[in-house]
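What's in model20.cif: mmCIF, C-alpha atoms
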data_structure
loop_
_atom_site.label_atom_id
_atom_site.label_comp_id
_atom_site.auth_asym_id
_atom_site.auth_seq_id
_atom_site.Cartn_x
_atom_site.Cartn_y
_atom_site.Cartn_z
CA MET A 91 -3.91 220.32 -139.93
CA ARG A 92 -3.98 222.18 -136.62
CA VAL A 93 -3.00 219.18 -134.50
CA GLY A 94 -0.84 217.19 -136.92
CA VAL A 95 1.64 219.79 -138.18
CA PRO A 96 3.97 221.84 -135.92
CA LYS A 97 3.35 225.59 -135.67
CA TYR A 98 6.70 226.43 -137.22
CA ARG A 99 5.55 224.73 -140.44
CA LEU A 100 1.88 225.76 -140.34
CA PRO A 101 1.13 228.69 -138.04
CA ASP A 102 -2.30 228.91 -136.42
CA ASP A 103 -3.00 232.33 -137.93
CA ALA A 104 -2.63 230.88 -141.44
CA ILE A 105 -5.24 228.22 -140.65
CA ASP A 106 -7.51 230.80 -138.99
CA ARG A 107 -7.48 233.04 -142.07
CA ASP A 108 -8.52 230.19 -144.35
CA VAL A 109 -11.23 228.96 -141.98
CA GLU A 110 -12.66 232.46 -141.56
CA HIS A 111 -12.77 232.91 -145.34
CA ILE A 112 -14.66 229.62 -145.76
CA LEU A 113 -17.14 230.55 -143.02
CA SER A 114 -17.68 233.99 -144.62
CA LEU A 115 -19.00 232.19 -147.71
CA GLY A 116 -21.87 230.75 -145.67
CA ALA A 117 -20.54 227.41 -144.43
CA GLU A 118 -21.81 226.32 -141.02
CA LEU A 119 -19.23 224.90 -138.62
CA ARG A 120 -20.30 222.46 -135.90
CA LEU A 121 -17.57 221.75 -133.34
CA ASN A 122 -17.10 219.05 -130.69
CA THR A 123 -19.35 216.65 -132.62
CA ARG A 124 -17.92 213.18 -133.14
CA VAL A 125 -19.45 211.27 -136.03
CA GLY A 126 -20.15 207.72 -134.90
CA LYS A 127 -20.72 208.86 -131.32
CA ASP A 128 -22.61 212.17 -131.14
CA ILE A 129 -24.25 211.61 -134.51
CA SER A 130 -24.17 208.62 -136.82
CA LEU A 131 -23.17 208.65 -140.46
CA LYS A 132 -26.60 207.22 -141.24
CA LYS A 133 -28.30 210.25 -139.65
CA LEU A 134 -26.08 212.56 -141.69
CA HIS A 135 -27.10 210.62 -144.80
CA ASP A 136 -30.77 210.96 -143.81
CA ARG A 137 -30.47 214.72 -143.29
CA PHE A 138 -28.24 215.67 -146.21
CA ASP A 139 -28.22 214.82 -149.90
CA ALA A 140 -24.44 214.40 -150.01
CA VAL A 141 -21.71 213.83 -147.43
CA PHE A 142 -17.97 214.44 -147.83
CA ILE A 143 -15.50 212.67 -145.54
CA SER A 144 -11.88 213.71 -145.13
CA THR A 145 -10.94 212.44 -141.69
CA GLY A 146 -7.21 212.02 -142.20
CA LEU A 147 -4.74 209.53 -140.78
CA HIS A 148 -4.59 210.00 -137.03
CA LEU A 149 -3.52 206.52 -135.92
CA GLY A 150 0.09 205.44 -135.64
CA ARG A 151 1.36 202.02 -136.71
CA PRO A 152 3.02 200.04 -133.92
CA LEU A 153 6.05 197.89 -134.73
CA GLY A 154 5.18 195.05 -132.36
CA PHE A 155 8.01 195.40 -129.86
CA ASP A 156 7.33 194.48 -126.23
CA ALA A 157 8.79 197.85 -125.22
CA GLU A 158 5.87 199.68 -126.85
CA LYS A 159 3.98 199.28 -123.57
CA LEU A 160 6.46 201.64 -121.85
CA SER A 161 5.61 205.31 -121.31
CA LEU A 162 8.65 206.60 -123.23
CA VAL A 163 7.98 204.57 -126.38
CA ARG A 164 5.38 206.62 -128.21
CA GLN A 165 3.71 207.03 -131.57
CA SER A 166 5.04 210.25 -133.10
CA ILE A 167 1.64 211.29 -134.43
CA ASP A 168 0.26 211.14 -130.86
CA LEU A 169 3.16 213.22 -129.52
CA LEU A 170 2.65 215.89 -132.18
CA ARG A 171 -1.07 216.10 -131.43
CA GLU A 172 -0.44 216.26 -127.68
CA PHE A 173 2.14 219.01 -128.08
CA ARG A 174 -0.16 221.10 -130.29
CA LEU A 175 -3.05 220.77 -127.84
CA THR A 176 -1.16 221.21 -124.55
CA GLY A 177 2.18 222.80 -125.45
CA ASP A 178 4.01 220.11 -123.49
CA ILE A 179 5.09 216.49 -124.01
CA PRO A 180 7.56 214.20 -122.27
CA THR A 181 11.05 214.12 -123.70
CA ALA A 182 14.43 212.75 -122.64
CA LYS A 183 18.09 213.65 -122.94
CA ARG A 184 18.59 211.01 -125.63
CA VAL A 185 15.84 210.29 -128.16
CA ALA A 186 15.57 207.96 -131.17
CA ILE A 187 13.06 208.48 -133.95
CA ILE A 188 12.13 205.62 -136.28
CA GLY A 189 10.99 206.70 -139.75
CA GLY A 190 11.95 208.83 -142.72
CA GLY A 191 8.83 210.83 -143.57
CA ASN A 192 7.68 214.31 -142.65
CA VAL A 193 6.07 213.11 -139.41
CA ALA A 194 9.43 211.69 -138.33
CA MET A 195 11.14 215.00 -139.14
CA ASP A 196 8.41 216.97 -137.38
CA ILE A 197 8.73 215.07 -134.11
CA ALA A 198 12.53 214.94 -134.35
CA ARG A 199 12.72 218.73 -134.69
CA THR A 200 10.14 219.22 -131.94
CA MET A 201 12.16 216.96 -129.63
CA ALA A 202 15.39 218.73 -130.56
CA ARG A 203 13.93 222.12 -129.62
CA LEU A 204 12.56 220.79 -126.34
CA GLN A 205 15.92 219.21 -125.51
CA LYS A 206 17.67 222.51 -126.23
CA GLN A 207 15.33 224.29 -123.83
CA ARG A 208 15.38 221.69 -121.07
CA TYR A 209 18.87 220.18 -121.24
CA GLY A 210 20.92 222.72 -123.17
CA LYS A 211 21.89 220.41 -126.04
CA VAL A 212 20.38 218.23 -128.76
CA HIS A 213 20.70 214.44 -128.81
CA VAL A 214 18.24 213.04 -131.37
CA VAL A 215 19.04 210.19 -133.74
CA LEU A 216 16.71 209.34 -136.62
CA ALA A 217 16.89 206.16 -138.69
CA SER A 218 14.87 205.25 -141.78
CA LEU A 219 14.57 202.17 -143.95
CA GLU A 220 15.03 204.27 -147.07
CA THR A 221 18.41 205.40 -148.31
CA ARG A 222 19.09 209.13 -148.33
CA ASP A 223 18.10 209.59 -151.99
CA ILE A 224 14.61 208.12 -151.56
CA MET A 225 13.65 209.21 -148.06
CA PRO A 226 9.98 210.27 -148.27
CA ALA A 227 10.37 213.46 -146.22
CA ASP A 228 10.62 216.79 -148.03
CA GLU A 229 14.23 217.64 -148.84
CA GLU A 230 14.07 220.91 -146.91
CA GLU A 231 12.78 219.06 -143.86
CA ILE A 232 15.76 216.67 -143.97
CA VAL A 233 18.28 219.47 -144.42
CA GLU A 234 16.77 221.65 -141.70
CA SER A 235 16.63 218.69 -139.31
CA GLN A 236 20.35 218.17 -139.77
CA GLU A 237 20.95 221.88 -139.26
CA GLU A 238 19.19 221.59 -135.89
CA GLY A 239 21.66 218.90 -134.80
CA ILE A 240 19.64 215.75 -135.55
CA GLU A 241 21.69 212.71 -136.61
CA ILE A 242 20.10 211.02 -139.62
CA HIS A 243 20.98 207.42 -140.47
CA PRO A 244 19.33 206.30 -143.74
CA GLY A 245 19.10 202.64 -144.70
CA TRP A 246 18.50 201.15 -141.24
CA GLY A 247 15.47 199.34 -139.83
CA PRO A 248 14.59 198.76 -136.17
CA ALA A 249 15.67 195.41 -134.76
CA ASP A 250 14.84 195.89 -131.10
CA ILE A 251 14.15 198.47 -128.41
CA LEU A 252 16.41 197.74 -125.45
CA THR A 253 15.09 198.06 -121.91
CA GLU A 254 15.91 197.52 -118.27
CA GLY A 255 12.75 196.98 -116.28
CA GLU A 256 10.40 199.86 -117.12
CA ARG A 257 13.18 202.00 -118.60
CA VAL A 258 14.32 202.40 -122.21
CA THR A 259 18.11 202.03 -122.49
CA GLY A 260 18.77 201.86 -126.21
CA ILE A 261 17.69 200.90 -129.69
CA GLU A 262 19.24 198.49 -132.17
CA PHE A 263 18.98 198.82 -135.94
CA LYS A 264 19.84 196.41 -138.77
CA ARG A 265 20.97 197.30 -142.25
CA CYS A 266 18.12 197.50 -144.79
CA THR A 267 19.19 196.01 -148.12
CA GLN A 268 15.86 196.45 -149.94
CA GLY A 269 12.85 198.62 -149.33
CA PHE A 270 10.66 197.76 -152.31
CA ASP A 271 10.46 194.79 -154.67
CA GLU A 272 10.57 194.83 -158.48
CA GLU A 273 6.87 195.79 -158.62
CA HIS A 274 7.47 198.75 -156.27
CA ARG A 275 5.61 197.11 -153.40
CA PHE A 276 6.89 197.67 -149.87
CA SER A 277 8.99 194.59 -149.15
CA PRO A 278 11.95 195.35 -146.86
CA ARG A 279 14.89 192.97 -146.53
CA PHE A 280 17.72 193.18 -144.03
CA ASP A 281 21.28 192.11 -143.41
CA GLU A 282 20.82 190.64 -139.95
CA SER A 283 24.57 190.59 -139.33
CA ASP A 284 25.06 194.33 -139.89
CA ARG A 285 23.76 196.19 -136.84
CA ILE A 286 24.21 199.44 -134.93
CA THR A 287 23.06 200.36 -131.43
CA PHE A 288 22.33 203.76 -129.88
CA GLU A 289 21.96 204.48 -126.19
CA VAL A 290 18.67 206.37 -125.81
CA ASP A 291 16.06 207.01 -123.15
CA MET A 292 13.02 207.51 -125.39
CA VAL A 293 11.76 206.27 -128.78
CA GLY A 294 9.28 207.86 -131.18
CA GLU A 295 7.76 205.61 -133.86
CA SER A 296 6.89 207.21 -137.21
CA VAL A 297 6.57 204.26 -139.57
CA GLY A 298 3.20 205.05 -141.09
CA GLN A 299 -0.25 206.29 -140.25
CA GLY A 300 -3.64 204.65 -140.32
CA SER A 301 -7.20 205.90 -140.60
CA ASP A 302 -9.87 205.55 -137.95
CA THR A 303 -12.98 204.75 -139.98
CA SER A 304 -14.94 203.24 -137.10
CA TYR A 305 -17.57 205.95 -137.67
CA ILE A 306 -18.55 204.28 -140.96
CA ALA A 307 -21.28 201.83 -139.98
CA LYS A 308 -21.01 198.27 -141.27
CA GLU A 309 -24.00 198.73 -143.58
CA PHE A 310 -22.00 201.38 -145.44
CA ALA A 311 -18.51 199.93 -144.94
CA ASP A 312 -19.53 196.68 -146.67
CA LEU A 313 -20.46 198.68 -149.80
CA LEU A 314 -17.53 201.08 -149.73
CA GLU A 315 -14.82 200.10 -152.22
CA THR A 316 -11.19 200.47 -151.16
CA THR A 317 -7.83 200.15 -152.92
CA PRO A 318 -5.32 197.34 -152.24
CA ARG A 319 -3.64 199.78 -149.81
CA ARG A 320 -6.96 200.09 -147.91
CA GLN A 321 -7.54 203.67 -149.01
CA VAL A 322 -11.04 204.78 -150.00
CA LYS A 323 -11.55 204.38 -153.74
CA VAL A 324 -13.02 207.43 -155.47
CA SER A 325 -13.69 208.89 -158.91
CA GLU A 326 -11.82 211.92 -160.25
CA GLU A 327 -14.41 214.08 -158.49
CA GLY A 328 -14.21 212.26 -155.17
CA GLN A 329 -17.32 210.11 -155.47
CA THR A 330 -17.13 206.75 -153.68
CA SER A 331 -18.98 203.54 -154.55
CA LEU A 332 -21.84 204.97 -152.47
CA PRO A 333 -23.14 207.71 -154.80
CA TRP A 334 -24.08 210.12 -151.97
CA LEU A 335 -20.74 209.73 -150.19
CA PHE A 336 -17.65 211.64 -151.33
CA ALA A 337 -14.16 211.37 -149.88
CA GLY A 338 -10.78 213.05 -150.10
CA GLY A 339 -7.54 213.82 -148.33
CA ASP A 340 -5.33 211.39 -146.48
CA ILE A 341 -7.86 208.54 -146.43
CA VAL A 342 -7.76 208.62 -150.25
CA HIS A 343 -4.23 209.67 -151.20
CA GLY A 344 -2.14 209.44 -148.05
CA PRO A 345 -0.74 212.24 -145.87
CA ASP A 346 -0.49 215.45 -147.89
CA ALA A 347 -2.35 218.63 -146.91
CA ILE A 348 -1.98 220.19 -150.37
CA HIS A 349 -3.51 217.12 -152.01
CA ALA A 350 -6.33 217.19 -149.46
CA ILE A 351 -7.22 220.78 -150.35
CA ALA A 352 -7.22 219.88 -154.06
CA ASP A 353 -9.49 216.91 -153.25
CA GLY A 354 -11.92 219.29 -151.57
CA HIS A 355 -12.16 221.42 -154.70
CA ALA A 356 -12.67 218.33 -156.89
CA ALA A 357 -15.31 216.91 -154.56
CA ALA A 358 -17.19 220.23 -154.50
CA ARG A 359 -17.51 220.01 -158.28
CA GLY A 360 -18.54 216.36 -158.01
CA ILE A 361 -21.16 217.07 -155.37
CA ASP A 362 -22.55 219.96 -157.44
CA ARG A 363 -22.83 217.67 -160.45
CA TYR A 364 -24.41 214.90 -158.36
CA LEU A 365 -27.04 217.23 -156.86
CA SER A 366 -27.79 218.81 -160.25
CA ASP A 367 -28.32 215.38 -161.79
CA ARG A 368 -30.67 214.38 -158.97
CA GLU A 369 -32.64 217.59 -159.38
CA SER A 370 -32.97 217.13 -163.13
CA GLU A 371 -34.17 213.57 -162.55
CA GLY A 372 -36.75 214.84 -160.05
CA THR A 373 -35.15 212.98 -157.14
CA LYS A 374 -35.61 214.54 -153.74
#
Target encoding structure tokens, full file:
Amino acid sequence: MRVGVPKYRLPDDAIDRDVEHILSLGAELRLNTRVGKDISLKKLHDRFDAVFISTGLHLGRPLGFDAEKLSLVRQSIDLLREFRLTGDIPTAKRVAIIGGGNVAMDIARTMARLQKQRYGKVHVVLASLETRDIMPADEEEIVESQEEGIEIHPGWGPADILTEGERVTGIEFKRCTQGFDEEHRFSPRFDESDRITFEVDMVGESVGQGSDTSYIAKEFADLLETTPRRQVKVSEEGQTSLPWLFAGGDIVHGPDAIHAIADGHAAARGIDRYLSDRESEGTK
């Protein structure tokens, strides 16, 4: 939460208060320890009776354009993390954001504020596949983005990022005629003849997030059930197909901090039940 959400939406002191409360209950916090590198998931399993994973969605989803190799075509989730950690990110006088979710709004508003400071005016355009009535971002985020001077263009999908040499010069969008099919599966369709172009110097991509589960060794990954959307499959109390392993948060339900906190509560009950059952069965 500290690196993925801007301070204006989730101040550091709010996070600090919650963390301090949790630690006051007796939890031990080990920092700068990367599972899969500094310690393996297998060693955690050997040392502890139950393990809970809630590692979030920290990978962006590239669109496949050649221009994505350029320095001013970036994944929005990376820009937000970089800004939270360093307080500074590259921006440009004219920026396009692709996407209609909260991450898109977060980076659009961050860019708008940086532009205001550095150039004296805002020039951010944001386009999403979804029409205005079904954009996935929170309504207040959409409204406040517009209040900050961000142009929002619902119902458009990226067709191409325009370049000259190593420089971004613009972005072209095509009209999206369908986002989901009759079974509510993501299945966009476009009117290739209906297009708009914006002159921009930088592009932020916010078209979805992925999970980095490389820390889950193959011996466990092969036994770990997932949903058709490649999310970890769990019971109502967060238990995975590996009885000792519990999961929650974005890797189970998608990006939503409130849902992640609720998952933690549910998993705590599940872990308590699991350990009690093992104790009653005489299992070490």
Neighbour list for region 250-255 of chain A as a PDB file with C-alpha atoms, in the coordinates of the input, cut-off 9 Å, only C-alpha atoms, skip fewer than 3 positions in-chain:
ATOM      1  CA  PHE A 155       8.010 195.400-129.860  1.00  0.00           C
ATOM      2  CA  ASP A 156       7.330 194.480-126.230  1.00  0.00           C
ATOM      3  CA  ALA A 157       8.790 197.850-125.220  1.00  0.00           C
ATOM      4  CA  GLU A 158       5.870 199.680-126.850  1.00  0.00           C
ATOM      5  CA  VAL A 163       7.980 204.570-126.380  1.00  0.00           C
ATOM      6  CA  VAL A 258      14.320 202.400-122.210  1.00  0.00           C
ATOM      7  CA  THR A 259      18.110 202.030-122.490  1.00  0.00           C
ATOM      8  CA  GLY A 260      18.770 201.860-126.210  1.00  0.00           C
ATOM      9  CA  ILE A 261      17.690 200.900-129.690  1.00  0.00           C
ATOM     10  CA  GLU A 262      19.240 198.490-132.170  1.00  0.00           C
ATOM     11  CA  PHE A 263      18.980 198.820-135.940  1.00  0.00           C
ATOM     12  CA  GLU A 289      21.960 204.480-126.190  1.00  0.00           C
ATOM     13  CA  VAL A 290      18.670 206.370-125.810  1.00  0.00           C
ATOM     14  CA  VAL A 293      11.760 206.270-128.780  1.00  0.00           C
TER      15      VAL A 293
END
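Near Gly189 (chain A), within a cut-off of 7 Å and counting all atoms listed in the file, sit the residues A:Ala217, A:Ser218, A:Glu295, A:Ser296, A:Val297, with same-chain residues fewer than 6 positions away left out.
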Q) Which neighbours of Ile187 (chain A) fall inside 12 Å, counting all atoms listed in the file, when residues of the same chain fewer than 2 positions from it are skipped, and could you give them as number ranges by chain? A) A: 162-167, 169, 181, 184-185, 189-202, 213-219, 240-244, 246-248, 251, 260-263, 288, 290-297
Listing only residues of region 92-125 of chain A within 12 Å of region 343-367 of chain A, what is the closest atom pair and its distance in Å (to one decimal) for each, using only C-alpha atoms, sorted by chain and residue number ascending, as a tab-separated table?
residue	atom	partner	partner_atom	distance
A:Arg92	CA	A:Ala347	CA	11.0
A:Gly94	CA	A:Ala347	CA	10.2
A:Val95	CA	A:Ala347	CA	9.7
A:Arg99	CA	A:Ala347	CA	11.9
A:Leu100	CA	A:Ala347	CA	10.6
A:Ile105	CA	A:Ala347	CA	11.8
A:Asp108	CA	A:Ile351	CA	11.2
Which residues would end up in the selection if the PyMOL selection byres ((chain A and resi 131) around 12) were applied here, given that I need the answer as an mmCIF file with C-alpha atoms, in the coordinates of the input?
data_model
loop_
_atom_site.group_PDB
_atom_site.id
_atom_site.type_symbol
_atom_site.label_atom_id
_atom_site.label_comp_id
_atom_site.auth_asym_id
_atom_site.auth_seq_id
_atom_site.Cartn_x
_atom_site.Cartn_y
_atom_site.Cartn_z
ATOM 1 C CA THR A 123 -19.350 216.650 -132.620
ATOM 2 C CA ARG A 124 -17.920 213.180 -133.140
ATOM 3 C CA VAL A 125 -19.450 211.270 -136.030
ATOM 4 C CA GLY A 126 -20.150 207.720 -134.900
ATOM 5 C CA LYS A 127 -20.720 208.860 -131.320
ATOM 6 C CA ASP A 128 -22.610 212.170 -131.140
ATOM 7 C CA ILE A 129 -24.250 211.610 -134.510
ATOM 8 C CA SER A 130 -24.170 208.620 -136.820
ATOM 9 C CA LYS A 132 -26.600 207.220 -141.240
ATOM 10 C CA LYS A 133 -28.300 210.250 -139.650
ATOM 11 C CA LEU A 134 -26.080 212.560 -141.690
ATOM 12 C CA HIS A 135 -27.100 210.620 -144.800
ATOM 13 C CA ASP A 136 -30.770 210.960 -143.810
ATOM 14 C CA ARG A 137 -30.470 214.720 -143.290
ATOM 15 C CA PHE A 138 -28.240 215.670 -146.210
ATOM 16 C CA ALA A 140 -24.440 214.400 -150.010
ATOM 17 C CA VAL A 141 -21.710 213.830 -147.430
ATOM 18 C CA PHE A 142 -17.970 214.440 -147.830
ATOM 19 C CA ILE A 143 -15.500 212.670 -145.540
ATOM 20 C CA THR A 303 -12.980 204.750 -139.980
ATOM 21 C CA SER A 304 -14.940 203.240 -137.100
ATOM 22 C CA TYR A 305 -17.570 205.950 -137.670
ATOM 23 C CA ILE A 306 -18.550 204.280 -140.960
ATOM 24 C CA ALA A 307 -21.280 201.830 -139.980
ATOM 25 C CA LYS A 308 -21.010 198.270 -141.270
ATOM 26 C CA GLU A 309 -24.000 198.730 -143.580
ATOM 27 C CA PHE A 310 -22.000 201.380 -145.440
ATOM 28 C CA ALA A 311 -18.510 199.930 -144.940
ATOM 29 C CA TRP A 334 -24.080 210.120 -151.970
ATOM 30 C CA LEU A 335 -20.740 209.730 -150.190
#
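Closest to Ser161 (chain A) among A:Pro180, A:Gly245, A:Gly116, A:Gly210 is A:Pro180, based on all atoms listed in the file.
Picture a line from CA of Glu371 (chain A) to CA of Glu315 (chain A); it runs 25.7 Å.
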* Asked: Do you know which residues lie at most 7 Å from (11.6, 196.4, -146.9), with coordinates as in the file and all atoms listed in the file counted, and could you write them as number ranges by chain?
  -> A: 266, 268-270, 276-279
The residue from A:Arg151, A:Arg222, A:Lys323, A:Arg285 with the smallest atom-to-atom distance to Ala249 (chain A), counting all atoms listed in the file, is A:Arg285
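Using all atoms listed in the file, the nearest neighbour of Phe280 (chain A) within the list A:Glu237, A:Arg265, A:Leu147, A:Gln205 is A:Arg265.
Taking CA of Gly239 (chain A) and CA of Gly298 (chain A) as the two end points, the separation is 23.9 Å.
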If I wrap all listed atoms of region 94-99 of chain A in a box with edges along x, y and z and add 4 Å on each side, what are its centre and edge lengths in Å to one decimal, as AutoDock Vina command-line options?
--center_x 2.9 --center_y 221.8 --center_z -138.1 --size_x 15.5 --size_y 17.2 --size_z 12.8
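Straight-line separation from CA of Tyr209 (chain A) to CA of Lys183 (chain A): 6.8 Å.
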One residue among A:Thr145, A:Leu153, A:Ser114, A:Asp284 is nearest to Gly338 (chain A) when using only C-alpha atoms, and that residue is A:Thr145
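Minimum atom-to-atom distances from A:Leu314, A:Arg174, A:Arg319, A:Glu220 to Ser331 (chain A) were compared using all atoms listed in the file, and the lowest value belongs to A:Leu314.
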Polymer residues at most 7 Å from Leu149 (chain A), only C-alpha atoms, same-chain spacing of 3 or more positions, as a PyMOL selection string
chain A and resi 299-302
